[in-house]
Amino acid sequence: MGLPPHLAMKLGAHLIKQKIRRVEKFAMIMELEPLFACNLKCAGCGKIQQSASVLKQRMPVAQAVAAVEECGAPMVSIAGGEPLMHPQIDQMVTELIARKKFVVLCTNAVLLPKHLHKFTPHRNFAWMVHIDGLRERHDESVSKDGVFDQAVAAIRAAKAAGFAVYTNSTFFNTDSPKTVREVLDFLNDDLKVDRMEISPGYAYGKAPDQDRFLGVDQTRALFRDAFADGRRRRWRLNHSPLFLDFLEGKRDFACTPWGVPSYSLLGWQKPCYLLADGYAKTWRELLDTTDWENFGRGKDPRCDNCMAHCGYEPTAVMATMGSLKESLRAVSMR
Ligand code: SF4
Ligand code: SF4
């Protein structure tokens with residue numbers, strides 16, 4: 001299973017529109033970070049390393065909506081920090097859904113039960129809960145005991161209230177095919193979440209713990225083994241088949257970081273969510289002033305170990321749309 005059908009249609013229509021208009025670089029999913037503050041201190045997180053003055057700030061709703069409208073992406077992923085610490089986050093979500101955006105609200109889920117009543121289930125809205133492993137592994141990842149149980153209870157509550165719930169799991173070199181399979185089996189079969197996203201951890205310059213990140217060969221071996229025995233087909237993964245092929249090392253792609261741009265309190269991040277070579281004030285300025293051809297594996301040493309969704313999923317989605325065979329594969333099986 002890949003993207004929900006109506007989201008796949010939304011993204012497909014967006015791609016066709018760009019093709020007809022001959023737009024070369026365009027956003028498919030916008031990463032929106034309306035704050036950097038968080039209630040947890042996960043070992044691999046670079047966001048909470050911002051200065052105290054930045055951590056205090058909250059992006060006004062009108063600013064967030066204007067940035068989304070300027071870039072035109074049909075899907076918006078709101079992250080942070082912990083978005084539920086933003087006092088107008090429910091209003092931000094409502095405004096974006098009213099503009100026909102597909103919105104996913106990323107959260108560590110600790111505050112989710114307290115805020116659930118402020119939101120309404122909608123076909124263009126999903127929670128995205130961060131779960132890196134089973135109890136011991138997840139609590140170690142977020143550096144706090146008890147968070148796994150809180151997140152599981154929050155997922156159950158959100159599903160019981162009629163919301164779509166997605167999960168996002170990041171894997172490091174401390175993971176094995178067994179730990180990947182255990183957590184995805186649990187999320188897929190026991191919790192029955194709607195969709196699951198997976199990501200190899202990326203070595204942020206600002207992350208305090210630099211020893212846990214995966215190289216390309218390690219990433220490929222990890223996912224190749226984890227996906228064996230037909231699990232990849234059975235799991236409700238929220239990725240295109242070609243991106244999963246890419247993670248397994250069956251395909252290789254160039255990075256297209258403009259497909260998933262990141263906008264935060266600091267501006268539009270150059271060139272992607274993971275690197276921070278300065279910030280642009282507008283989407284247009286980001287497009288016009290970034291040397292896009294200088295990024296990707298083999299071009300910038302910081303990209304050499306990157307297989308992140310934000311750089312390579314857009315390439316995989318475009319390759320899918322450009323091939324009838326891959327389009328049929330995306331809607332049927334992997
Ligand atoms: S929950 Fe997310 S934002 Fe908060 S510290 Fe962990 S990784 Fe960072
Ligand atoms: S390869 Fe990764 S780090 Fe480099 S530009 Fe692409 S997404 Fe960013």
# chains A, B, ... in the order shown; residues from 1 in each chain; ligands from 1
call {"tool": "select_by_dssp", "arguments": {"residues": "range 146-186 of chain A", "states": "alpha helix (DSSP H)", "output": "list of chain:residue names"}}
result
A:Val147, A:Phe148, A:Asp149, A:Gln150, A:Ala151, A:Val152, A:Ala153, A:Ala154, A:Ile155, A:Arg156, A:Ala157, A:Ala158, A:Lys159, A:Ala160, A:Pro177, A:Lys178, A:Thr179, A:Val180, A:Arg181, A:Glu182, A:Val183, A:Leu184, A:Asp185
call {"tool": "closest_atom_pairs", "arguments": {"of": "chain A", "to": "ligand 1", "cutoff": "10 Å", "atoms": "only C-alpha atoms and all ligand atoms", "output": "Markdown table"}}
result
| residue | atom | partner | partner_atom_place_in_ligand_line | distance |
| --- | --- | --- | --- | --- |
| A:Glu33 | CA | ligand 1 | 3 (S) | 9.8 |
| A:Leu35 | CA | ligand 1 | 3 (S) | 9.4 |
| A:Phe36 | CA | ligand 1 | 3 (S) | 7.0 |
| A:Ala37 | CA | ligand 1 | 3 (S) | 7.3 |
| A:Cys38 | CA | ligand 1 | 4 (Fe) | 4.7 |
| A:Asn39 | CA | ligand 1 | 4 (Fe) | 6.3 |
| A:Leu40 | CA | ligand 1 | 5 (S) | 4.6 |
| A:Lys41 | CA | ligand 1 | 5 (S) | 4.1 |
| A:Cys42 | CA | ligand 1 | 6 (Fe) | 4.1 |
| A:Ala43 | CA | ligand 1 | 5 (S) | 7.4 |
| A:Gly44 | CA | ligand 1 | 7 (S) | 6.7 |
| A:Cys45 | CA | ligand 1 | 8 (Fe) | 4.4 |
| A:Gly46 | CA | ligand 1 | 8 (Fe) | 6.8 |
| A:Lys47 | CA | ligand 1 | 8 (Fe) | 5.8 |
| A:Ile48 | CA | ligand 1 | 8 (Fe) | 6.0 |
| A:Gln49 | CA | ligand 1 | 8 (Fe) | 9.1 |
| A:Ala79 | CA | ligand 1 | 3 (S) | 7.4 |
| A:Gly80 | CA | ligand 1 | 3 (S) | 5.3 |
| A:Gly81 | CA | ligand 1 | 3 (S) | 3.8 |
| A:Glu82 | CA | ligand 1 | 3 (S) | 5.5 |
| A:Pro83 | CA | ligand 1 | 3 (S) | 8.6 |
| A:Cys106 | CA | ligand 1 | 2 (Fe) | 8.3 |
| A:Thr107 | CA | ligand 1 | 1 (S) | 6.7 |
| A:Asn108 | CA | ligand 1 | 1 (S) | 4.9 |
| A:Ala109 | CA | ligand 1 | 1 (S) | 8.5 |
| A:Val110 | CA | ligand 1 | 1 (S) | 9.1 |
| A:Val129 | CA | ligand 1 | 1 (S) | 9.3 |
| A:His130 | CA | ligand 1 | 1 (S) | 7.1 |
| A:Ile131 | CA | ligand 1 | 1 (S) | 9.5 |
| A:Asp132 | CA | ligand 1 | 7 (S) | 10.0 |
| A:Ser141 | CA | ligand 1 | 6 (Fe) | 8.2 |
| A:Val142 | CA | ligand 1 | 6 (Fe) | 5.8 |
| A:Ser143 | CA | ligand 1 | 6 (Fe) | 8.7 |
| A:Thr170 | CA | ligand 1 | 7 (S) | 9.5 |
| A:Ala207 | CA | ligand 1 | 8 (Fe) | 9.7 |
call {"tool": "closest_atom_pairs", "arguments": {"of": "chain A", "to": "ligand 2", "cutoff": "8 Å", "atoms": "only C-alpha atoms and all ligand atoms", "output": "tab-separated table"}}
result
residue	atom	partner	partner_atom_place_in_ligand_line	distance
A:Tyr202	CA	ligand 2	3 (S)	8.0
A:Cys255	CA	ligand 2	6 (Fe)	4.8
A:Thr256	CA	ligand 2	6 (Fe)	6.4
A:Pro257	CA	ligand 2	6 (Fe)	5.2
A:Pro271	CA	ligand 2	5 (S)	5.9
A:Cys272	CA	ligand 2	8 (Fe)	4.8
A:Tyr273	CA	ligand 2	8 (Fe)	6.6
A:Leu274	CA	ligand 2	3 (S)	5.3
A:Leu275	CA	ligand 2	3 (S)	5.6
A:Phe295	CA	ligand 2	5 (S)	4.8
A:Gly296	CA	ligand 2	1 (S)	3.9
A:Arg297	CA	ligand 2	1 (S)	5.6
A:Asp300	CA	ligand 2	4 (Fe)	7.1
A:Arg302	CA	ligand 2	3 (S)	6.2
A:Cys303	CA	ligand 2	4 (Fe)	3.8
A:Asp304	CA	ligand 2	1 (S)	6.9
A:Asn305	CA	ligand 2	1 (S)	7.7
A:Cys306	CA	ligand 2	2 (Fe)	4.6
A:Met307	CA	ligand 2	2 (Fe)	6.3
A:Ala308	CA	ligand 2	2 (Fe)	5.7
A:His309	CA	ligand 2	7 (S)	7.4
A:Cys310	CA	ligand 2	7 (S)	5.4
A:Gly311	CA	ligand 2	7 (S)	3.5
A:Tyr312	CA	ligand 2	7 (S)	6.8
call {"tool": "residues_around", "arguments": {"residues": "range 185-192 of chain A", "least_positions_apart": "4", "cutoff": "8 Å", "atoms": "only C-alpha atoms", "output": "compact mmCIF listing (two decimals) with C-alpha atoms, in the first residue's frame"}}
result
# COMPACT_ATOMS: atom_id res chain seq x y z
CA VAL A 152 0.54 4.11 22.07
CA ILE A 155 -2.68 6.62 18.98
CA ARG A 156 -5.47 4.40 20.27
CA THR A 167 3.58 7.01 12.18
CA ARG A 181 10.41 -5.59 11.66
CA MET A 196 3.74 4.24 8.29
CA TRP A 235 2.94 -3.21 5.61
CA ARG A 236 0.94 -0.03 4.99
call {"tool": "residues_around", "arguments": {"residues": "Val180 in chain A", "least_positions_apart": "3", "cutoff": "10 Å", "atoms": "only C-alpha atoms", "output": "list in words"}}
result
Asp132, Gly133, Leu134, Ser169, Thr170, Phe171, Asp175, Ser176, Pro177, Val183, Leu184, Asp185, Ile198, Leu222, Phe223, Asp225, Ala226 and Phe227 of chain A
call {"tool": "write_last_selection", "arguments": {"atoms": "C-alpha atoms", "output": "PDB file, in the first residue's frame"}}
result
ATOM      1  CA  ASP A 132      11.184   4.758  16.594  1.00  0.00           C
ATOM      2  CA  GLY A 133      10.879   1.301  18.106  1.00  0.00           C
ATOM      3  CA  LEU A 134       9.194  -0.841  20.701  1.00  0.00           C
ATOM      4  CA  SER A 169      10.039   5.830  12.456  1.00  0.00           C
ATOM      5  CA  THR A 170      13.689   6.808  12.151  1.00  0.00           C
ATOM      6  CA  PHE A 171      16.305   4.082  12.221  1.00  0.00           C
ATOM      7  CA  ASP A 175      18.820  -0.894  14.777  1.00  0.00           C
ATOM      8  CA  SER A 176      18.775  -4.282  13.123  1.00  0.00           C
ATOM      9  CA  PRO A 177      16.391  -5.840  10.593  1.00  0.00           C
ATOM     10  CA  VAL A 183       8.151  -2.057  15.385  1.00  0.00           C
ATOM     11  CA  LEU A 184       6.553  -2.049  11.906  1.00  0.00           C
ATOM     12  CA  ASP A 185       4.712  -5.315  12.624  1.00  0.00           C
ATOM     13  CA  ILE A 198      10.307   5.122   7.645  1.00  0.00           C
ATOM     14  CA  LEU A 222      19.130  -2.832   6.857  1.00  0.00           C
ATOM     15  CA  PHE A 223      16.051  -2.282   4.695  1.00  0.00           C
ATOM     16  CA  ASP A 225      16.790  -7.576   5.206  1.00  0.00           C
ATOM     17  CA  ALA A 226      13.893  -5.911   7.020  1.00  0.00           C
ATOM     18  CA  PHE A 227      11.699  -6.000   3.884  1.00  0.00           C
TER      19      PHE A 227
END
call {"tool": "residues_around", "arguments": {"residues": "Ser77 in chain A", "least_positions_apart": "2", "cutoff": "9 Å", "atoms": "only C-alpha atoms", "output": "number ranges by chain"}}
result
A: 29-33, 75, 79, 102-106, 128
call {"tool": "write_last_selection", "arguments": {"atoms": "all heavy atoms", "output": "compact mmCIF listing (two decimals), in the first residue's frame"}}
result
# COMPACT_ATOMS: atom_id res chain seq x y z
N ILE A 29 5.61 18.47 -1.25
CA ILE A 29 5.24 18.44 0.18
C ILE A 29 6.04 19.55 0.86
O ILE A 29 7.25 19.65 0.67
CB ILE A 29 5.62 17.09 0.83
CG1 ILE A 29 4.95 15.93 0.11
CG2 ILE A 29 5.25 17.09 2.31
CD1 ILE A 29 5.46 14.57 0.52
N MET A 30 5.35 20.38 1.62
CA MET A 30 6.07 21.44 2.34
C MET A 30 6.22 21.04 3.80
O MET A 30 5.26 20.63 4.45
CB MET A 30 5.29 22.74 2.24
CG MET A 30 5.91 23.86 3.05
SD MET A 30 4.95 25.35 2.79
CE MET A 30 5.52 26.32 4.18
N GLU A 31 7.44 21.13 4.29
CA GLU A 31 7.71 20.91 5.71
C GLU A 31 7.58 22.26 6.40
O GLU A 31 8.33 23.19 6.09
CB GLU A 31 9.14 20.39 5.93
CG GLU A 31 9.43 19.06 5.29
CD GLU A 31 9.01 17.88 6.15
OE1 GLU A 31 8.58 18.11 7.30
OE2 GLU A 31 9.08 16.75 5.66
N LEU A 32 6.63 22.38 7.30
CA LEU A 32 6.38 23.64 8.00
C LEU A 32 6.74 23.48 9.48
O LEU A 32 6.20 22.59 10.14
CB LEU A 32 4.90 24.01 7.84
CG LEU A 32 4.37 25.21 8.60
CD1 LEU A 32 5.05 26.50 8.14
CD2 LEU A 32 2.86 25.33 8.41
N GLU A 33 7.65 24.32 9.95
CA GLU A 33 8.06 24.23 11.36
C GLU A 33 7.71 25.55 12.05
O GLU A 33 8.50 26.50 12.02
CB GLU A 33 9.56 23.95 11.45
CG GLU A 33 9.92 22.60 10.86
CD GLU A 33 11.40 22.32 10.86
OE1 GLU A 33 12.20 23.27 10.83
OE2 GLU A 33 11.77 21.14 10.89
N MET A 75 0.49 19.26 -0.24
CA MET A 75 0.54 18.57 1.05
C MET A 75 1.48 19.33 1.99
O MET A 75 2.55 19.78 1.56
CB MET A 75 1.04 17.13 0.84
CG MET A 75 1.18 16.34 2.11
SD MET A 75 1.52 14.60 1.72
CE MET A 75 1.91 13.99 3.34
N ALA A 79 5.70 20.19 11.48
CA ALA A 79 6.58 19.55 12.46
C ALA A 79 7.13 20.60 13.40
O ALA A 79 6.54 21.64 13.61
CB ALA A 79 7.68 18.78 11.72
N PHE A 102 -3.58 18.85 2.03
CA PHE A 102 -3.56 17.64 2.84
C PHE A 102 -2.55 17.91 3.96
O PHE A 102 -1.38 18.17 3.68
CB PHE A 102 -3.15 16.42 2.01
CG PHE A 102 -3.33 15.12 2.75
CD1 PHE A 102 -4.45 14.35 2.55
CD2 PHE A 102 -2.36 14.68 3.65
CE1 PHE A 102 -4.63 13.15 3.24
CE2 PHE A 102 -2.52 13.48 4.34
CZ PHE A 102 -3.66 12.72 4.13
N VAL A 103 -3.01 17.85 5.19
CA VAL A 103 -2.17 18.26 6.32
C VAL A 103 -1.84 17.06 7.21
O VAL A 103 -2.75 16.33 7.63
CB VAL A 103 -2.89 19.33 7.18
CG1 VAL A 103 -2.01 19.79 8.34
CG2 VAL A 103 -3.29 20.53 6.31
N VAL A 104 -0.56 16.87 7.48
CA VAL A 104 -0.20 15.90 8.52
C VAL A 104 0.45 16.68 9.66
O VAL A 104 1.28 17.56 9.44
CB VAL A 104 0.73 14.77 8.05
CG1 VAL A 104 0.03 13.83 7.11
CG2 VAL A 104 2.00 15.27 7.44
N LEU A 105 0.02 16.37 10.86
CA LEU A 105 0.50 17.07 12.05
C LEU A 105 1.41 16.11 12.83
O LEU A 105 0.95 15.12 13.40
CB LEU A 105 -0.68 17.53 12.91
CG LEU A 105 -0.36 18.39 14.12
CD1 LEU A 105 0.53 19.57 13.77
CD2 LEU A 105 -1.66 18.93 14.72
N CYS A 106 2.72 16.40 12.78
CA CYS A 106 3.70 15.51 13.41
C CYS A 106 3.79 15.80 14.90
O CYS A 106 3.82 16.96 15.30
CB CYS A 106 5.08 15.73 12.78
SG CYS A 106 5.07 15.55 10.99
N MET A 128 0.63 12.41 12.66
CA MET A 128 1.84 11.65 12.34
C MET A 128 2.63 11.51 13.64
O MET A 128 3.22 12.47 14.13
CB MET A 128 2.68 12.41 11.30
CG MET A 128 4.03 11.81 11.00
SD MET A 128 3.96 10.39 9.92
CE MET A 128 3.81 11.17 8.32
call {"tool": "select_by_dssp", "arguments": {"residues": "range 256-301 of chain A", "states": "strand (DSSP E or B)", "output": "list in words"}}
result
Ser262, Tyr263, Ser264, Gly267, Trp268, Gln269, Tyr279 and Ala280 of chain A
call {"tool": "atom_distance", "arguments": {"atom1": "CA of Pro74 in chain A", "atom2": "CA of Pro60 in chain A"}}
result
20.6 Å
call {"tool": "residues_around", "arguments": {"residues": "range 281-290 of chain A", "least_positions_apart": "6", "cutoff": "7 Å", "atoms": "only C-alpha atoms", "output": "NGL selection string"}}
result
:A and (70-71 or 267-268 or 270-271)
call {"tool": "atom_distance", "arguments": {"atom1": "CA of Phe125 in chain A", "atom2": "CA of Glu182 in chain A"}}
result
27.1 Å
call {"tool": "closest_residue", "arguments": {"among": "A:Gly298, A:Pro261, A:Gly322, A:Gly12", "to": "Ala280 in chain A", "atoms": "only C-alpha atoms"}}
result
A:Pro261
call {"tool": "closest_residue", "arguments": {"among": "A:Ala276, A:Ile16, A:Ala153, A:Val260", "to": "Leu111 in chain A", "atoms": "only C-alpha atoms"}}
result
A:Ala153
